[in-house]
file target-v5.cif (mmCIF, C-alpha atoms)
data_target
#
loop_
_atom_site.group_PDB
_atom_site.id
_atom_site.type_symbol
_atom_site.label_atom_id
_atom_site.label_comp_id
_atom_site.auth_asym_id
_atom_site.auth_seq_id
_atom_site.Cartn_x
_atom_site.Cartn_y
_atom_site.Cartn_z
ATOM 1 C CA MET V 1 -31.401 -35.418 71.667
ATOM 2 C CA LYS V 2 -31.485 -31.741 72.434
ATOM 3 C CA HIS V 3 -28.202 -31.387 70.556
ATOM 4 C CA LEU V 4 -29.603 -33.145 67.476
ATOM 5 C CA MET V 5 -32.704 -30.943 67.515
ATOM 6 C CA ARG V 6 -30.496 -27.863 67.644
ATOM 7 C CA LEU V 7 -28.455 -29.077 64.670
ATOM 8 C CA TYR V 8 -31.633 -29.861 62.740
ATOM 9 C CA GLY V 9 -32.890 -26.383 63.474
ATOM 10 C CA ILE V 10 -29.692 -24.794 62.234
ATOM 11 C CA TRP V 11 -29.769 -26.821 59.025
ATOM 12 C CA MET V 12 -33.398 -25.948 58.326
ATOM 13 C CA GLY V 13 -32.644 -22.308 59.025
ATOM 14 C CA CYS V 14 -29.825 -22.316 56.532
ATOM 15 C CA ILE V 15 -31.966 -23.982 53.872
ATOM 16 C CA ILE V 16 -34.800 -21.486 54.359
ATOM 17 C CA LEU V 17 -32.327 -18.623 54.258
ATOM 18 C CA LEU V 18 -30.766 -19.892 51.032
ATOM 19 C CA LEU V 19 -34.148 -20.395 49.387
ATOM 20 C CA SER V 20 -35.313 -16.936 50.394
ATOM 21 C CA CYS V 21 -32.108 -15.352 49.170
ATOM 22 C CA ASN V 22 -32.412 -17.099 45.834
ATOM 23 C CA SER V 23 -36.047 -16.217 45.282
ATOM 24 C CA GLY V 24 -35.567 -12.644 46.411
ATOM 25 C CA ALA V 25 -32.388 -11.898 44.472
ATOM 26 C CA GLY V 26 -33.466 -13.460 41.179
ATOM 27 C CA PRO V 27 -35.648 -10.696 39.797
ATOM 28 C CA ALA V 28 -33.219 -8.037 40.964
ATOM 29 C CA ASN V 29 -30.332 -9.727 39.112
ATOM 30 C CA GLN V 30 -32.375 -10.017 35.984
ATOM 31 C CA ALA V 31 -33.239 -6.314 36.092
ATOM 32 C CA ILE V 32 -29.602 -5.175 36.177
ATOM 33 C CA THR V 33 -27.480 -5.801 33.073
ATOM 34 C CA ALA V 34 -23.802 -5.939 33.796
ATOM 35 C CA PRO V 35 -21.769 -3.484 31.676
ATOM 36 C CA GLN V 36 -20.440 -5.080 28.506
ATOM 37 C CA LYS V 37 -17.190 -4.527 26.670
ATOM 38 C CA ASP V 38 -17.273 -4.129 22.887
ATOM 39 C CA THR V 39 -14.280 -3.976 20.599
ATOM 40 C CA ILE V 40 -13.857 -1.909 17.450
ATOM 41 C CA ILE V 41 -10.916 -2.746 15.208
ATOM 42 C CA ILE V 42 -9.230 -0.009 13.180
ATOM 43 C CA LYS V 43 -7.994 -1.699 10.043
ATOM 44 C CA MET V 44 -7.674 -0.959 6.322
ATOM 45 C CA MET V 45 -8.526 2.687 7.023
ATOM 46 C CA ALA V 46 -11.896 1.849 8.587
ATOM 47 C CA PHE V 47 -13.518 1.438 11.988
ATOM 48 C CA GLN V 48 -14.919 -2.102 12.080
ATOM 49 C CA PRO V 49 -17.816 -2.212 12.824
ATOM 50 C CA ALA V 50 -18.586 1.305 11.677
ATOM 51 C CA ASP V 51 -21.932 1.367 13.462
ATOM 52 C CA ILE V 52 -22.520 -0.247 16.852
ATOM 53 C CA THR V 53 -25.300 -0.096 19.453
ATOM 54 C CA VAL V 54 -24.479 -0.417 23.172
ATOM 55 C CA ASN V 55 -26.066 0.141 26.565
ATOM 56 C CA ALA V 56 -25.246 3.234 28.591
ATOM 57 C CA GLY V 57 -22.317 2.366 30.831
ATOM 58 C CA ASP V 58 -20.819 -0.153 28.445
ATOM 59 C CA THR V 59 -17.173 0.112 27.480
ATOM 60 C CA ILE V 60 -15.818 0.306 23.952
ATOM 61 C CA VAL V 61 -12.211 -0.567 23.192
ATOM 62 C CA TRP V 62 -10.695 0.619 19.923
ATOM 63 C CA ILE V 63 -7.621 -1.317 18.773
ATOM 64 C CA ASN V 64 -5.448 0.017 15.972
ATOM 65 C CA GLU V 65 -4.519 -2.928 13.770
ATOM 66 C CA ASP V 66 -3.765 -0.743 10.762
ATOM 67 C CA ILE V 67 -0.379 0.007 9.211
ATOM 68 C CA VAL V 68 -0.395 3.706 10.195
ATOM 69 C CA ALA V 69 -1.306 5.807 13.225
ATOM 70 C CA HIS V 70 -4.897 6.891 13.855
ATOM 71 C CA ASP V 71 -6.953 8.527 16.581
ATOM 72 C CA VAL V 72 -10.551 8.349 17.760
ATOM 73 C CA SER V 73 -12.193 11.777 18.056
ATOM 74 C CA HIS V 74 -15.698 13.109 18.519
ATOM 75 C CA TRP V 75 -17.013 14.484 15.263
ATOM 76 C CA PRO V 76 -16.925 17.352 14.446
ATOM 77 C CA ASP V 77 -15.489 19.256 17.417
ATOM 78 C CA LYS V 78 -13.138 16.710 19.074
ATOM 79 C CA SER V 79 -14.887 17.350 22.413
ATOM 80 C CA TRP V 80 -13.506 13.959 23.421
ATOM 81 C CA HIS V 81 -10.618 12.196 21.755
ATOM 82 C CA SER V 82 -7.919 9.607 22.199
ATOM 83 C CA ASP V 83 -4.209 10.209 21.979
ATOM 84 C CA THR V 84 -2.570 9.264 18.695
ATOM 85 C CA LEU V 85 -2.818 5.483 18.444
ATOM 86 C CA GLN V 86 0.218 3.874 16.893
ATOM 87 C CA PRO V 87 -0.281 0.418 15.366
ATOM 88 C CA HIS V 88 -1.281 -2.031 18.147
ATOM 89 C CA ASP V 89 -2.244 0.781 20.563
ATOM 90 C CA SER V 90 -5.752 0.865 22.015
ATOM 91 C CA PHE V 91 -8.201 3.378 23.478
ATOM 92 C CA VAL V 92 -10.916 2.655 26.056
ATOM 93 C CA LYS V 93 -14.024 4.757 26.643
ATOM 94 C CA ILE V 94 -17.094 4.264 28.843
ATOM 95 C CA ILE V 95 -20.103 5.139 26.739
ATOM 96 C CA GLU V 96 -22.916 7.327 28.074
ATOM 97 C CA ASP V 97 -24.263 9.035 24.946
ATOM 98 C CA SER V 98 -24.579 8.288 21.263
ATOM 99 C CA SER V 99 -21.882 9.869 19.127
ATOM 100 C CA THR V 100 -20.397 10.151 15.685
ATOM 101 C CA TYR V 101 -16.621 10.037 15.649
ATOM 102 C CA PHE V 102 -13.761 10.168 13.179
ATOM 103 C CA CYS V 103 -10.002 9.905 12.801
ATOM 104 C CA SER V 104 -8.752 13.496 12.887
ATOM 105 C CA ILE V 105 -5.546 12.404 11.144
ATOM 106 C CA HIS V 106 -7.548 10.933 8.262
ATOM 107 C CA PRO V 107 -10.851 12.863 8.377
ATOM 108 C CA THR V 108 -12.412 10.709 5.676
ATOM 109 C CA MET V 109 -12.653 7.881 8.268
ATOM 110 C CA LYS V 110 -15.963 8.201 10.115
ATOM 111 C CA ALA V 111 -18.124 5.907 12.252
ATOM 112 C CA GLN V 112 -20.702 6.031 15.044
ATOM 113 C CA PHE V 113 -22.001 4.320 18.158
ATOM 114 C CA SER V 114 -25.549 4.516 19.531
ATOM 115 C CA VAL V 115 -26.844 4.047 23.053
ATOM 116 C CA LYS V 116 -30.035 2.007 23.445
ATOM 117 C CA GLU V 117 -33.000 4.087 24.620
ATOM 118 C CA MET Q 1 -6.411 24.777 -18.676
ATOM 119 C CA LYS Q 2 -3.977 26.797 -16.613
ATOM 120 C CA THR Q 3 -0.267 26.102 -16.884
ATOM 121 C CA ARG Q 4 0.149 24.667 -13.379
ATOM 122 C CA SER Q 5 -2.783 22.331 -13.851
ATOM 123 C CA LYS Q 6 -1.231 21.157 -17.085
ATOM 124 C CA ILE Q 7 2.048 20.512 -15.313
ATOM 125 C CA THR Q 8 0.307 18.570 -12.582
ATOM 126 C CA MET Q 9 -1.646 16.437 -15.000
ATOM 127 C CA MET Q 10 1.414 15.869 -17.150
ATOM 128 C CA SER Q 11 3.447 14.733 -14.169
ATOM 129 C CA ALA Q 12 0.761 12.347 -13.036
ATOM 130 C CA GLY Q 13 0.315 11.131 -16.578
ATOM 131 C CA LEU Q 14 4.026 10.523 -16.891
ATOM 132 C CA LEU Q 15 4.049 8.425 -13.738
ATOM 133 C CA LEU Q 16 1.123 6.300 -14.851
ATOM 134 C CA PHE Q 17 2.419 6.017 -18.402
ATOM 135 C CA THR Q 18 5.831 4.924 -17.164
ATOM 136 C CA LEU Q 19 4.389 2.238 -14.943
ATOM 137 C CA MET Q 20 1.947 1.052 -17.580
ATOM 138 C CA SER Q 21 4.772 0.852 -20.093
ATOM 139 C CA CYS Q 22 6.684 -1.381 -17.712
ATOM 140 C CA ASN Q 23 3.658 -3.592 -17.351
ATOM 141 C CA SER Q 24 3.382 -4.035 -21.108
ATOM 142 C CA GLY Q 25 6.546 -6.098 -21.031
ATOM 143 C CA THR Q 26 8.949 -3.959 -23.021
ATOM 144 C CA GLU Q 27 11.946 -5.952 -21.905
ATOM 145 C CA GLN Q 28 14.279 -4.165 -24.284
ATOM 146 C CA SER Q 29 13.614 -0.708 -22.949
ATOM 147 C CA ASN Q 30 13.894 -1.931 -19.372
ATOM 148 C CA SER Q 31 17.158 -3.628 -20.023
ATOM 149 C CA THR Q 32 18.567 -0.632 -21.835
ATOM 150 C CA ASP Q 33 17.575 1.829 -19.143
ATOM 151 C CA SER Q 34 18.580 -0.508 -16.365
ATOM 152 C CA ASN Q 35 22.104 -0.599 -17.699
ATOM 153 C CA ALA Q 36 22.316 3.095 -17.094
ATOM 154 C CA THR Q 37 20.674 3.245 -13.701
ATOM 155 C CA VAL Q 38 21.016 -0.041 -11.872
ATOM 156 C CA ASN Q 39 23.526 -0.235 -9.062
ATOM 157 C CA THR Q 40 26.350 -2.394 -10.367
ATOM 158 C CA GLU Q 41 26.384 -4.309 -7.088
ATOM 159 C CA THR Q 42 22.864 -5.588 -7.674
ATOM 160 C CA PRO Q 43 22.251 -8.405 -10.133
ATOM 161 C CA ALA Q 44 21.045 -7.276 -13.537
ATOM 162 C CA PRO Q 45 17.714 -8.606 -14.826
ATOM 163 C CA LYS Q 46 18.102 -12.178 -16.018
ATOM 164 C CA ALA Q 47 18.945 -12.356 -19.680
ATOM 165 C CA ASP Q 48 16.603 -15.279 -20.225
ATOM 166 C CA ALA Q 49 13.643 -13.578 -18.614
ATOM 167 C CA THR Q 50 12.021 -12.640 -21.915
ATOM 168 C CA GLN Q 51 8.631 -13.894 -20.776
ATOM 169 C CA ALA Q 52 8.916 -12.596 -17.236
ATOM 170 C CA PRO Q 53 6.991 -9.526 -16.089
ATOM 171 C CA ALA Q 54 8.804 -6.289 -16.728
ATOM 172 C CA LEU Q 55 9.157 -5.581 -13.012
ATOM 173 C CA THR Q 56 10.669 -8.068 -10.585
ATOM 174 C CA ASP Q 57 9.890 -8.029 -6.873
ATOM 175 C CA PRO Q 58 13.147 -6.195 -6.000
ATOM 176 C CA GLN Q 59 12.284 -3.623 -8.668
ATOM 177 C CA ILE Q 60 8.718 -3.302 -7.378
ATOM 178 C CA ALA Q 61 10.096 -2.778 -3.871
ATOM 179 C CA SER Q 62 12.298 -0.013 -5.247
ATOM 180 C CA VAL Q 63 9.377 1.633 -7.052
ATOM 181 C CA ALA Q 64 7.197 1.429 -3.936
ATOM 182 C CA VAL Q 65 9.818 2.955 -1.651
ATOM 183 C CA THR Q 66 10.667 5.683 -4.176
ATOM 184 C CA ALA Q 67 7.020 6.620 -4.793
ATOM 185 C CA ASN Q 68 6.473 6.968 -1.041
ATOM 186 C CA GLN Q 69 9.704 8.899 -0.525
ATOM 187 C CA ILE Q 70 8.723 11.381 -3.236
ATOM 188 C CA ASP Q 71 5.515 12.239 -1.435
ATOM 189 C CA VAL Q 72 7.435 12.614 1.833
ATOM 190 C CA ASN Q 73 9.701 15.074 0.022
ATOM 191 C CA TYR Q 74 6.738 17.033 -1.386
ATOM 192 C CA GLY Q 75 5.344 17.175 2.139
ATOM 193 C CA LYS Q 76 8.604 18.573 3.494
ATOM 194 C CA ILE Q 77 8.552 21.307 0.857
ATOM 195 C CA ALA Q 78 4.998 22.188 1.893
ATOM 196 C CA MET Q 79 5.946 22.284 5.576
ATOM 197 C CA ASN Q 80 8.726 24.720 4.737
ATOM 198 C CA LYS Q 81 6.922 26.942 2.246
ATOM 199 C CA SER Q 82 3.289 27.074 3.284
ATOM 200 C CA SER Q 83 1.711 28.983 6.125
ATOM 201 C CA ASN Q 84 -1.750 27.534 5.503
ATOM 202 C CA ALA Q 85 -2.936 25.336 8.404
ATOM 203 C CA ASP Q 86 -4.829 22.895 6.157
ATOM 204 C CA ILE Q 87 -1.824 22.441 3.885
ATOM 205 C CA LYS Q 88 0.517 21.916 6.817
ATOM 206 C CA LYS Q 89 -1.788 19.404 8.510
ATOM 207 C CA PHE Q 90 -2.163 17.439 5.270
ATOM 208 C CA ALA Q 91 1.578 17.561 4.567
ATOM 209 C CA GLU Q 92 2.332 16.383 8.090
ATOM 210 C CA THR Q 93 0.020 13.402 7.633
ATOM 211 C CA MET Q 94 1.617 12.550 4.276
ATOM 212 C CA ILE Q 95 5.109 12.653 5.775
ATOM 213 C CA LYS Q 96 4.096 10.456 8.693
ATOM 214 C CA ASP Q 97 2.038 7.915 6.726
ATOM 215 C CA HIS Q 98 4.443 7.502 3.829
ATOM 216 C CA ASN Q 99 7.412 7.198 6.171
ATOM 217 C CA ASP Q 100 5.510 4.448 8.001
ATOM 218 C CA ILE Q 101 4.963 2.630 4.706
ATOM 219 C CA ILE Q 102 8.621 3.007 3.742
ATOM 220 C CA LYS Q 103 9.669 1.557 7.086
ATOM 221 C CA GLN Q 104 7.401 -1.446 6.618
ATOM 222 C CA ALA Q 105 8.599 -1.975 3.057
ATOM 223 C CA VAL Q 106 12.240 -1.799 4.135
ATOM 224 C CA ASP Q 107 11.592 -4.084 7.112
ATOM 225 C CA LEU Q 108 9.904 -6.602 4.833
ATOM 226 C CA ALA Q 109 12.685 -6.396 2.248
ATOM 227 C CA THR Q 110 15.219 -6.972 5.013
ATOM 228 C CA LYS Q 111 13.256 -9.935 6.330
ATOM 229 C CA LEU Q 112 13.005 -11.420 2.839
ATOM 230 C CA ASN Q 113 16.662 -10.628 2.145
ATOM 231 C CA VAL Q 114 15.614 -8.619 -0.894
ATOM 232 C CA THR Q 115 17.600 -5.574 -1.985
ATOM 233 C CA PRO Q 116 15.331 -2.983 -3.656
ATOM 234 C CA GLU Q 117 16.635 -2.706 -7.177
ATOM 235 C CA SER Q 118 16.703 0.642 -8.948
ATOM 236 C CA ASN Q 119 15.233 0.514 -12.431
ATOM 237 C CA SER Q 120 13.936 2.692 -15.228
ATOM 238 C CA THR Q 121 10.603 3.235 -13.465
ATOM 239 C CA THR Q 122 12.362 4.398 -10.322
ATOM 240 C CA GLN Q 123 14.422 6.792 -12.415
ATOM 241 C CA SER Q 124 11.320 8.145 -14.174
ATOM 242 C CA LEU Q 125 9.702 8.761 -10.818
ATOM 243 C CA LEU Q 126 12.768 10.657 -9.655
ATOM 244 C CA ASP Q 127 12.837 12.696 -12.886
ATOM 245 C CA GLY Q 128 9.183 13.594 -12.340
ATOM 246 C CA GLU Q 129 9.934 14.575 -8.777
ATOM 247 C CA LYS Q 130 12.710 16.902 -9.893
ATOM 248 C CA SER Q 131 10.412 18.620 -12.350
ATOM 249 C CA MET Q 132 7.609 19.013 -9.814
ATOM 250 C CA THR Q 133 9.997 20.156 -7.105
ATOM 251 C CA ASP Q 134 11.225 22.923 -9.425
ATOM 252 C CA THR Q 135 7.621 23.902 -10.097
ATOM 253 C CA LEU Q 136 6.690 23.980 -6.427
ATOM 254 C CA ASN Q 137 9.812 25.894 -5.475
ATOM 255 C CA SER Q 138 9.030 28.531 -8.085
ATOM 256 C CA LYS Q 139 5.760 29.380 -6.347
ATOM 257 C CA SER Q 140 4.802 30.985 -3.074
ATOM 258 C CA GLY Q 141 1.762 31.866 -0.975
ATOM 259 C CA ALA Q 142 -1.646 30.852 -2.295
ATOM 260 C CA ALA Q 143 -0.199 29.843 -5.651
ATOM 261 C CA PHE Q 144 2.080 27.346 -3.937
ATOM 262 C CA ASP Q 145 -0.765 25.957 -1.784
ATOM 263 C CA LYS Q 146 -2.928 25.442 -4.851
ATOM 264 C CA ALA Q 147 -0.140 23.806 -6.842
ATOM 265 C CA TYR Q 148 0.788 21.509 -3.941
ATOM 266 C CA ALA Q 149 -2.804 20.434 -3.307
ATOM 267 C CA GLU Q 150 -3.493 19.812 -6.993
ATOM 268 C CA ASN Q 151 -0.308 17.820 -7.383
ATOM 269 C CA GLU Q 152 -1.148 15.707 -4.334
ATOM 270 C CA ALA Q 153 -4.522 14.812 -5.841
ATOM 271 C CA ALA Q 154 -3.027 14.002 -9.234
ATOM 272 C CA TYR Q 155 -0.031 12.142 -7.794
ATOM 273 C CA HIS Q 156 -2.135 9.953 -5.505
ATOM 274 C CA ASP Q 157 -4.574 9.265 -8.316
ATOM 275 C CA ALA Q 158 -1.724 8.031 -10.507
ATOM 276 C CA VAL Q 159 -0.086 6.046 -7.699
ATOM 277 C CA VAL Q 160 -3.355 4.347 -6.695
ATOM 278 C CA ASN Q 161 -3.915 3.286 -10.298
ATOM 279 C CA ALA Q 162 -0.341 2.096 -10.685
ATOM 280 C CA VAL Q 163 -0.371 0.083 -7.462
ATOM 281 C CA LYS Q 164 -3.684 -1.567 -8.337
ATOM 282 C CA THR Q 165 -3.072 -2.286 -11.999
ATOM 283 C CA VAL Q 166 0.702 -2.731 -12.241
ATOM 284 C CA LEU Q 167 2.519 -3.347 -8.987
ATOM 285 C CA ILE Q 168 0.111 -5.749 -7.252
ATOM 286 C CA PRO Q 169 -0.574 -7.932 -10.328
ATOM 287 C CA ASN Q 170 3.161 -8.254 -11.017
ATOM 288 C CA THR Q 171 4.271 -9.006 -7.464
ATOM 289 C CA LYS Q 172 5.278 -12.602 -6.870
ATOM 290 C CA ASN Q 173 6.080 -12.696 -3.169
ATOM 291 C CA ALA Q 174 2.918 -13.113 -1.100
ATOM 292 C CA GLU Q 175 4.083 -10.897 1.765
ATOM 293 C CA LEU Q 176 5.094 -8.061 -0.544
ATOM 294 C CA LYS Q 177 1.792 -8.392 -2.400
ATOM 295 C CA ASN Q 178 -0.058 -8.344 0.930
ATOM 296 C CA LEU Q 179 1.756 -5.168 1.977
ATOM 297 C CA LEU Q 180 0.896 -3.453 -1.308
ATOM 298 C CA GLU Q 181 -2.746 -4.518 -0.985
ATOM 299 C CA SER Q 182 -2.896 -3.233 2.576
ATOM 300 C CA VAL Q 183 -1.608 0.159 1.415
ATOM 301 C CA VAL Q 184 -4.360 0.662 -1.174
ATOM 302 C CA PRO Q 185 -7.089 1.797 1.290
ATOM 303 C CA LEU Q 186 -4.633 4.298 2.761
ATOM 304 C CA LEU Q 187 -3.806 5.691 -0.670
ATOM 305 C CA ASP Q 188 -7.510 5.862 -1.525
ATOM 306 C CA HIS Q 189 -8.090 7.947 1.609
ATOM 307 C CA HIS Q 190 -5.109 10.142 0.813
ATOM 308 C CA LEU Q 191 -6.599 10.724 -2.630
ATOM 309 C CA GLU Q 192 -9.959 11.745 -1.160
ATOM 310 C CA MET Q 193 -8.235 13.999 1.365
ATOM 311 C CA ALA Q 194 -6.137 15.585 -1.393
ATOM 312 C CA LYS Q 195 -9.199 16.211 -3.563
ATOM 313 C CA GLU Q 196 -10.976 17.877 -0.641
ATOM 314 C CA LEU Q 197 -7.873 19.957 0.026
ATOM 315 C CA ALA Q 198 -7.511 20.991 -3.614
ATOM 316 C CA ALA Q 199 -11.184 21.991 -3.755
ATOM 317 C CA LYS Q 200 -10.500 24.608 -1.066
ATOM 318 C CA PHE Q 201 -8.102 26.407 -3.371
ATOM 319 C CA GLN Q 202 -10.240 26.556 -6.511
#
call {"tool": "encode", "arguments": {"input": "target-v5.cif", "output": "structure tokens"}}
result
Amino acid sequence: MKHLMRLYGIWMGCIILLLSCNSGAGPANQAITAPQKDTIIIKMMAFQPADITVNAGDTIVWINEDIVAHDVSHWPDKSWHSDTLQPHDSFVKIIEDSSTYFCSIHPTMKAQFSVKE
Amino acid sequence: MKTRSKITMMSAGLLLFTLMSCNSGTEQSNSTDSNATVNTETPAPKADATQAPALTDPQIASVAVTANQIDVNYGKIAMNKSSNADIKKFAETMIKDHNDIIKQAVDLATKLNVTPESNSTTQSLLDGEKSMTDTLNSKSGAAFDKAYAENEAAYHDAVVNAVKTVLIPNTKNAELKNLLESVVPLLDHHLEMAKELAAKFQ
């Protein structure tokens, strides 16, 4: 009997612990948004989409699906930039601030990303 | 209008006129010129093709490769003759981009088992190149930079028009047509870049 009571106590303890964990962690999980990954395709001499809004900490991946090489560079001073991206190459950047960027090989190609306030 | 501007416009006009003439279906002139220029190892245009477009896919492939190669050659002249950073950067991009296009065109032709076929349009392009090369080689310094930039704007303008209105509409093979269509945005950007470059030397 004593053994059964002990088992019952353990089970109840586990259930209470699980319930308290669930109720306590819920709001915290909802408050934190996991970083997202967005993709920008370089094709037909354009960044697609040319304007994108992300959260700070999100990652953007640029994939060159065009027929010639491109790069991804901060406009106008190239304070950050990718290497030259041959067709099928990609570039990954964690986004912290809004920025306008361009292809320094073909300066007429421009686009931007914005970080949500 | 200054002499060099006239030369540039005339060269571009010649290119466009030549391609437009081919599009108008002057089979006789094509056949006549082809006899003089076509590689004897490649089949001549079919004698019964009186209602066919003036340019066949192998001929269009030849025109496309030649037009790209000409701009590569202009770029090489600029890399050798100019000391202007903007000119050199532009020329470097032209050499790289047009070589990439040539490679894709040749790869596609190989895949399709198509031999690019020299024709009167190809020959006209090469004649125009010779004339412009002489002009560019006769200049130096700022005069060369200006002439090169102006020619790039005029040449790309003519090529964009020719690709859109002559080459693409006449192309039969879907993959070749797709390649030509995919090149148009690149040529449009080259044209804008060339205009911006030329404006710096006005």
call {"tool": "closest_atom_pairs", "arguments": {"input": "target-v5.cif", "of": "chain Q", "to": "chain V", "cutoff": "9 Å", "atoms": "all atoms listed in the file", "output": "tab-separated table"}}
result
residue	atom	partner	partner_atom	distance
Q:Lys89	CA	V:Ile105	CA	8.4
Q:Phe90	CA	V:Ile105	CA	8.4
Q:Thr93	CA	V:Ile105	CA	6.7
Q:Lys96	CA	V:Val68	CA	8.2
Q:Asp97	CA	V:Val68	CA	6.0
Q:His98	CA	V:Val68	CA	8.9
Q:Asp100	CA	V:Val68	CA	6.3
Q:Ile101	CA	V:Ile67	CA	7.5
Q:Gln104	CA	V:Ile67	CA	8.3
Q:Ser182	CA	V:Met44	CA	6.5
Q:Val183	CA	V:Met44	CA	7.9
Q:Val184	CA	V:Met44	CA	8.4
Q:Pro185	CA	V:Met44	CA	5.8
Q:Leu186	CA	V:Met45	CA	6.0
Q:His189	CA	V:Thr108	CA	6.5
Q:His190	CA	V:His106	CA	7.9
Q:Glu192	CA	V:Thr108	CA	7.3
Q:Met193	CA	V:Thr108	CA	6.8
call {"tool": "write_last_selection", "arguments": {"input": "target-v5.cif", "atoms": "C-alpha atoms", "output": "compact mmCIF listing (two decimals), in the coordinates of the input"}}
result
# COMPACT_ATOMS: atom_id res chain seq x y z
CA LYS Q 89 -1.79 19.40 8.51
CA PHE Q 90 -2.16 17.44 5.27
CA THR Q 93 0.02 13.40 7.63
CA LYS Q 96 4.10 10.46 8.69
CA ASP Q 97 2.04 7.92 6.73
CA HIS Q 98 4.44 7.50 3.83
CA ASP Q 100 5.51 4.45 8.00
CA ILE Q 101 4.96 2.63 4.71
CA GLN Q 104 7.40 -1.45 6.62
CA SER Q 182 -2.90 -3.23 2.58
CA VAL Q 183 -1.61 0.16 1.42
CA VAL Q 184 -4.36 0.66 -1.17
CA PRO Q 185 -7.09 1.80 1.29
CA LEU Q 186 -4.63 4.30 2.76
CA HIS Q 189 -8.09 7.95 1.61
CA HIS Q 190 -5.11 10.14 0.81
CA GLU Q 192 -9.96 11.74 -1.16
CA MET Q 193 -8.24 14.00 1.36
call {"tool": "atom_distance", "arguments": {"input": "target-v5.cif", "atom1": "atom CA of Asn173 of chain Q", "atom2": "atom CA of Ser118 of chain Q"}}
result
18.0 Å
call {"tool": "resolve_selection", "arguments": {"input": "target-v5.cif", "expression": "the PyMOL selection byres ((chain Q and resi 144-149) around 7)", "output": "JSON, numbers by chain"}}
result
{"Q": [4, 82, 87, 136, 139, 140, 141, 142, 143, 150, 151, 152, 153, 194, 197, 198, 201]}
call {"tool": "atom_distance", "arguments": {"input": "target-v5.cif", "atom1": "atom CA of Thr39 of chain V", "atom2": "atom CA of Glu65 of chain V"}}
result
12.0 Å
call {"tool": "resolve_selection", "arguments": {"input": "target-v5.cif", "expression": "the PyMOL selection byres ((chain Q and resi 61) around 12)", "output": "PyMOL selection string"}}
result
chain Q and resi 55-60+62-68+101-110+112-119+121-122+163+167-168+170-173+175-177+179-180
call {"tool": "atom_distance", "arguments": {"input": "target-v5.cif", "atom1": "atom CA of Phe102 of chain V", "atom2": "atom CA of Ala50 of chain V"}}
result
10.2 Å
call {"tool": "resolve_selection", "arguments": {"input": "target-v5.cif", "expression": "the PyMOL selection byres ((chain V and resi 53) around 9)", "output": "PDB file with C-alpha atoms, keeping the file's coordinate frame"}}
result
ATOM      1  CA  ASP V  51     -21.932   1.367  13.462  1.00  0.00           C
ATOM      2  CA  ILE V  52     -22.520  -0.247  16.852  1.00  0.00           C
ATOM      3  CA  VAL V  54     -24.479  -0.417  23.172  1.00  0.00           C
ATOM      4  CA  ASN V  55     -26.066   0.141  26.565  1.00  0.00           C
ATOM      5  CA  SER V  98     -24.579   8.288  21.263  1.00  0.00           C
ATOM      6  CA  GLN V 112     -20.702   6.031  15.044  1.00  0.00           C
ATOM      7  CA  PHE V 113     -22.001   4.320  18.158  1.00  0.00           C
ATOM      8  CA  SER V 114     -25.549   4.516  19.531  1.00  0.00           C
ATOM      9  CA  VAL V 115     -26.844   4.047  23.053  1.00  0.00           C
ATOM     10  CA  LYS V 116     -30.035   2.007  23.445  1.00  0.00           C
TER      11      LYS V 116
END
call {"tool": "residues_near_point", "arguments": {"input": "target-v5.cif", "point": "(-18.3, -2.7, 30.2)", "cutoff": "9 Å", "atoms": "all atoms listed in the file", "output": "list in words"}}
result
Ala34, Pro35, Gln36, Lys37, Asp38, Gly57, Asp58, Thr59, Ile60, Ile94 and Ile95 of chain V
call {"tool": "write_last_selection", "arguments": {"input": "target-v5.cif", "atoms": "C-alpha atoms", "output": "compact mmCIF listing (two decimals), keeping the file's coordinate frame"}}
result
# COMPACT_ATOMS: atom_id res chain seq x y z
CA ALA V 34 -23.80 -5.94 33.80
CA PRO V 35 -21.77 -3.48 31.68
CA GLN V 36 -20.44 -5.08 28.51
CA LYS V 37 -17.19 -4.53 26.67
CA ASP V 38 -17.27 -4.13 22.89
CA GLY V 57 -22.32 2.37 30.83
CA ASP V 58 -20.82 -0.15 28.44
CA THR V 59 -17.17 0.11 27.48
CA ILE V 60 -15.82 0.31 23.95
CA ILE V 94 -17.09 4.26 28.84
CA ILE V 95 -20.10 5.14 26.74
call {"tool": "residues_around", "arguments": {"input": "target-v5.cif", "residues": "Gly75 of chain Q", "least_positions_apart": "2", "cutoff": "7 Å", "atoms": "all atoms listed in the file", "output": "MDAnalysis selection string"}}
result
chainID Q and resid 71:73 77:79 91:92 94:95
call {"tool": "closest_residue", "arguments": {"input": "target-v5.cif", "among": "V:Trp62, V:Tyr101, V:Phe91, V:Phe47", "to": "Asp77 of chain V", "atoms": "all atoms listed in the file"}}
result
V:Tyr101
